[in-house]
Amino acid sequence: NPDASNPNTLFCYQGFCRDDQSDAECLSSLGNIALAVADAEHDVSVNPLTCYSFYFVCTTRYEQGESSCTAAEAATAVVKRAFGFSYQQECQELQSNGQTYIGATCCQVDQCNDPGSLLPFGAASSGPAPSSLVVVAALVLSWFAAACN
């Protein structure tokens with residue numbers, strides 16, 4: 001059971017799911033909730049435990065790695081959602097690397113990184129969200145442009 005009174009522990013969802021799964025399917029595929037426990041030497045008053053969630057696009061960089069992207073998913077640039085825990089400083093680093101960790105969110109309340117907590121992939125802070133296909137195509141084109149230069 002979550003213990004909000006203990007700053008050295010935090011319950012977070014952990015794992016990966018495809019963006020084309022519903023929130024309920026994603027939640028079911030994540031399985032158990034992970035218990036994050038701060039290192040004894042770590043000062044959580046300065047850098048607290050934090051749950052995170054973000055999107056990423058499967059590429060050969062992610063194939064067969066921790067993200068569980070298959071070769072087929074990497075070849076077709078499948079979008080996945082990632083969930084886990086770290087310390088606040090590390091989560092802020094995810095947020096600052098928005099091209100890799102898309103839409104990264106950090107939170108410090110038990111189970112706050114559930115699949116429903118993520119904005120839809122590609123959603124802007126205002127206005128309608130573009131379709132995932134258009135966003136993925138734009139990401140792939142920008143990657144090819146950068147690779148050619």
# chains A, B, ... in the order shown; residues from 1 in each chain; ligands from 1
>>> residues_around(residues="segment 6-9 of chain A", least_positions_apart="3", cutoff="12 Å", atoms="only C-alpha atoms", output="list of chain:residue names")
A:Asn1, A:Pro2, A:Asp3, A:Cys12, A:Ala34, A:Leu35, A:Ala36, A:Val37, A:Ala38, A:Asp39, A:Ala40, A:Glu41, A:His42, A:Asp43, A:Val44, A:Ser45, A:Val46, A:Asn47, A:Pro48, A:Leu49, A:Thr50, A:Cys51, A:Phe85, A:Ser86, A:Tyr87, A:Gln108, A:Val109, A:Asp110, A:Gln111
>>> closest_residue(among="A:Ser28, A:Glu73, A:Gly103, A:Cys58", to="Pro120 of chain A", atoms="only C-alpha atoms")
A:Gly103
>>> closest_residue(among="A:Val78, A:Val57, A:Tyr52, A:Leu30", to="Glu93 of chain A", atoms="only C-alpha atoms")
A:Tyr52
>>> closest_residue(among="A:Cys91, A:Leu119, A:Leu10, A:Ala77", to="Cys106 of chain A", atoms="only C-alpha atoms")
A:Cys91
>>> residues_around(residues="Pro115 of chain A", least_positions_apart="4", cutoff="7 Å", atoms="only C-alpha atoms", output="list in words")
Asp23, Cys26 and Leu27 of chain A
>>> write_last_selection(atoms="N, CA and C atoms", output="CSV table (one decimal), in the first residue's frame")
chain,number,residue,atom,x,y,z
A,23,ASP,N,-5.7,3.5,-23.0
A,23,ASP,CA,-5.2,3.6,-21.6
A,23,ASP,C,-5.4,2.4,-20.8
A,26,CYS,N,-3.1,-0.4,-22.0
A,26,CYS,CA,-1.7,-0.1,-21.5
A,26,CYS,C,-1.6,-0.4,-20.1
A,27,LEU,N,-2.5,0.1,-19.2
A,27,LEU,CA,-2.4,-0.1,-17.8
A,27,LEU,C,-2.4,-1.6,-17.5
>>> closest_residue(among="A:Gln95, A:Gln89, A:Ser117, A:Ser29", to="Gly15 of chain A", atoms="only C-alpha atoms")
A:Ser29
>>> atom_distance(atom1="atom CA of Gly84 of chain A", atom2="atom CA of Cys112 of chain A")
10.6 Å
>>> closest_residue(among="A:Thr105, A:Thr100, A:Gln92, A:Asn113", to="Lys80 of chain A", atoms="only C-alpha atoms")
A:Thr100
>>> residues_around(residues="Val79 of chain A", least_positions_apart="4", cutoff="9 Å", atoms="only C-alpha atoms", output="PyMOL selection string")
chain A and resi 17-20+55-58+73+121+132+136
>>> write_last_selection(atoms="all heavy atoms", output="mmCIF file, in the first residue's frame")
data_model
loop_
_atom_site.group_PDB
_atom_site.id
_atom_site.type_symbol
_atom_site.label_atom_id
_atom_site.label_comp_id
_atom_site.auth_asym_id
_atom_site.auth_seq_id
_atom_site.Cartn_x
_atom_site.Cartn_y
_atom_site.Cartn_z
ATOM 1 N N CYS A 17 4.347 0.520 -23.337
ATOM 2 C CA CYS A 17 3.214 0.055 -24.128
ATOM 3 C C CYS A 17 3.154 0.867 -25.412
ATOM 4 O O CYS A 17 3.710 1.962 -25.493
ATOM 5 C CB CYS A 17 1.902 0.112 -23.355
ATOM 6 S SG CYS A 17 1.430 1.728 -22.761
ATOM 7 N N ARG A 18 2.490 0.305 -26.390
ATOM 8 C CA ARG A 18 2.357 0.996 -27.685
ATOM 9 C C ARG A 18 1.335 2.119 -27.550
ATOM 10 O O ARG A 18 0.365 2.015 -26.813
ATOM 11 C CB ARG A 18 1.918 0.013 -28.754
ATOM 12 C CG ARG A 18 2.971 -1.028 -29.108
ATOM 13 C CD ARG A 18 2.420 -2.065 -30.062
ATOM 14 N NE ARG A 18 1.962 -1.478 -31.307
ATOM 15 C CZ ARG A 18 2.521 -1.690 -32.482
ATOM 16 N NH1 ARG A 18 3.554 -2.494 -32.585
ATOM 17 N NH2 ARG A 18 2.038 -1.128 -33.572
ATOM 18 N N ASP A 19 1.570 3.179 -28.302
ATOM 19 C CA ASP A 19 0.656 4.313 -28.246
ATOM 20 C C ASP A 19 -0.712 3.973 -28.812
ATOM 21 O O ASP A 19 -1.700 4.600 -28.460
ATOM 22 C CB ASP A 19 1.251 5.517 -28.987
ATOM 23 C CG ASP A 19 0.377 6.748 -28.847
ATOM 24 O OD1 ASP A 19 -0.097 7.012 -27.718
ATOM 25 O OD2 ASP A 19 0.141 7.434 -29.854
ATOM 26 N N ASP A 20 -0.798 2.963 -29.683
ATOM 27 C CA ASP A 20 -2.102 2.621 -30.255
ATOM 28 C C ASP A 20 -2.957 1.777 -29.303
ATOM 29 O O ASP A 20 -4.098 1.451 -29.611
ATOM 30 C CB ASP A 20 -1.951 1.927 -31.615
ATOM 31 C CG ASP A 20 -1.130 0.641 -31.563
ATOM 32 O OD1 ASP A 20 -0.706 0.226 -30.462
ATOM 33 O OD2 ASP A 20 -0.889 0.070 -32.641
ATOM 34 N N TYR A 55 6.718 9.679 -24.257
ATOM 35 C CA TYR A 55 6.611 8.953 -25.515
ATOM 36 C C TYR A 55 8.002 8.837 -26.135
ATOM 37 O O TYR A 55 8.864 9.688 -25.893
ATOM 38 C CB TYR A 55 5.743 9.715 -26.517
ATOM 39 C CG TYR A 55 4.288 9.790 -26.171
ATOM 40 C CD1 TYR A 55 3.768 10.903 -25.521
ATOM 41 C CD2 TYR A 55 3.418 8.768 -26.522
ATOM 42 C CE1 TYR A 55 2.426 10.989 -25.209
ATOM 43 C CE2 TYR A 55 2.070 8.847 -26.216
ATOM 44 C CZ TYR A 55 1.581 9.964 -25.570
ATOM 45 O OH TYR A 55 0.249 10.044 -25.265
ATOM 46 N N PHE A 56 8.198 7.832 -26.948
ATOM 47 C CA PHE A 56 9.387 7.762 -27.778
ATOM 48 C C PHE A 56 9.019 7.023 -29.053
ATOM 49 O O PHE A 56 8.034 6.289 -29.105
ATOM 50 C CB PHE A 56 10.569 7.095 -27.059
ATOM 51 C CG PHE A 56 10.357 5.646 -26.734
ATOM 52 C CD1 PHE A 56 10.846 4.659 -27.573
ATOM 53 C CD2 PHE A 56 9.683 5.271 -25.580
ATOM 54 C CE1 PHE A 56 10.651 3.319 -27.269
ATOM 55 C CE2 PHE A 56 9.493 3.939 -25.265
ATOM 56 C CZ PHE A 56 9.969 2.957 -26.113
ATOM 57 N N VAL A 57 9.807 7.263 -30.092
ATOM 58 C CA VAL A 57 9.586 6.617 -31.375
ATOM 59 C C VAL A 57 10.598 5.491 -31.501
ATOM 60 O O VAL A 57 11.801 5.701 -31.323
ATOM 61 C CB VAL A 57 9.758 7.625 -32.537
ATOM 62 C CG1 VAL A 57 9.555 6.934 -33.876
ATOM 63 C CG2 VAL A 57 8.790 8.792 -32.377
ATOM 64 N N CYS A 58 10.111 4.291 -31.779
ATOM 65 C CA CYS A 58 11.011 3.153 -31.953
ATOM 66 C C CYS A 58 11.902 3.392 -33.168
ATOM 67 O O CYS A 58 11.420 3.726 -34.248
ATOM 68 C CB CYS A 58 10.224 1.858 -32.173
ATOM 69 S SG CYS A 58 9.415 1.237 -30.694
ATOM 70 N N GLU A 73 8.941 -2.900 -35.307
ATOM 71 C CA GLU A 73 8.508 -1.619 -34.735
ATOM 72 C C GLU A 73 9.520 -0.527 -35.040
ATOM 73 O O GLU A 73 9.153 0.606 -35.354
ATOM 74 C CB GLU A 73 8.304 -1.749 -33.223
ATOM 75 C CG GLU A 73 7.087 -2.568 -32.856
ATOM 76 C CD GLU A 73 7.007 -2.882 -31.370
ATOM 77 O OE1 GLU A 73 8.057 -2.962 -30.695
ATOM 78 O OE2 GLU A 73 5.872 -3.065 -30.886
ATOM 79 N N PHE A 121 -0.165 11.849 -27.844
ATOM 80 C CA PHE A 121 1.097 12.050 -28.554
ATOM 81 C C PHE A 121 0.969 13.203 -29.534
ATOM 82 O O PHE A 121 0.053 13.257 -30.322
ATOM 83 C CB PHE A 121 1.499 10.776 -29.300
ATOM 84 C CG PHE A 121 2.795 10.906 -30.050
ATOM 85 C CD1 PHE A 121 3.990 10.918 -29.364
ATOM 86 C CD2 PHE A 121 2.808 11.022 -31.417
ATOM 87 C CE1 PHE A 121 5.191 11.040 -30.035
ATOM 88 C CE2 PHE A 121 4.002 11.140 -32.102
ATOM 89 C CZ PHE A 121 5.190 11.148 -31.411
ATOM 90 N N SER A 132 -1.018 11.209 -34.962
ATOM 91 C CA SER A 132 0.266 10.579 -34.661
ATOM 92 C C SER A 132 1.067 10.325 -35.932
ATOM 93 O O SER A 132 2.276 10.483 -35.952
ATOM 94 C CB SER A 132 0.045 9.265 -33.924
ATOM 95 O OG SER A 132 -0.517 9.503 -32.667
ATOM 96 N N VAL A 136 4.828 11.561 -36.467
ATOM 97 C CA VAL A 136 5.898 10.594 -36.702
ATOM 98 C C VAL A 136 6.589 10.888 -38.027
ATOM 99 O O VAL A 136 7.815 10.853 -38.118
ATOM 100 C CB VAL A 136 5.358 9.144 -36.657
ATOM 101 C CG1 VAL A 136 6.397 8.159 -37.160
ATOM 102 C CG2 VAL A 136 4.929 8.799 -35.243
#
>>> closest_residue(among="A:Ala82, A:Leu94, A:Ala104, A:Ala75", to="Tyr13 of chain A", atoms="only C-alpha atoms")
A:Ala82
>>> atom_distance(atom1="atom CA of Phe54 of chain A", atom2="atom CA of Tyr101 of chain A")
5.7 Å
>>> select_by_dssp(residues="segment 22-112 of chain A", states="helix (DSSP H, G or I)", output="ChimeraX atom specification")
/A:23-30,71-75,88-96
>>> write_last_selection(atoms="C-alpha atoms", output="JSON list (two decimals), in the first residue's frame")
[["chain", "number", "residue", "atom", "x", "y", "z"],
["A", 23, "ASP", "CA", -5.17, 3.62, -21.63],
["A", 24, "ALA", "CA", -6.92, 0.58, -20.10],
["A", 25, "GLU", "CA", -4.98, -1.87, -22.33],
["A", 26, "CYS", "CA", -1.74, -0.06, -21.53],
["A", 27, "LEU", "CA", -2.44, -0.12, -17.80],
["A", 28, "SER", "CA", -3.17, -3.85, -18.01],
["A", 29, "SER", "CA", 0.06, -4.52, -19.92],
["A", 30, "LEU", "CA", 2.15, -2.61, -17.37],
["A", 71, "ALA", "CA", 12.88, -4.83, -35.44],
["A", 72, "ALA", "CA", 9.49, -4.40, -37.16],
["A", 73, "GLU", "CA", 8.51, -1.62, -34.74],
["A", 74, "ALA", "CA", 11.84, 0.12, -35.31],
["A", 75, "ALA", "CA", 11.48, -0.18, -39.09],
["A", 88, "GLN", "CA", 13.59, 14.69, -9.81],
["A", 89, "GLN", "CA", 16.87, 15.89, -11.32],
["A", 90, "GLU", "CA", 17.05, 12.93, -13.71],
["A", 91, "CYS", "CA", 13.41, 13.41, -14.69],
["A", 92, "GLN", "CA", 14.06, 17.06, -15.48],
["A", 93, "GLU", "CA", 16.87, 15.90, -17.77],
["A", 94, "LEU", "CA", 14.30, 13.75, -19.61],
["A", 95, "GLN", "CA", 12.11, 16.82, -20.00],
["A", 96, "SER", "CA", 15.00, 18.88, -21.36]]
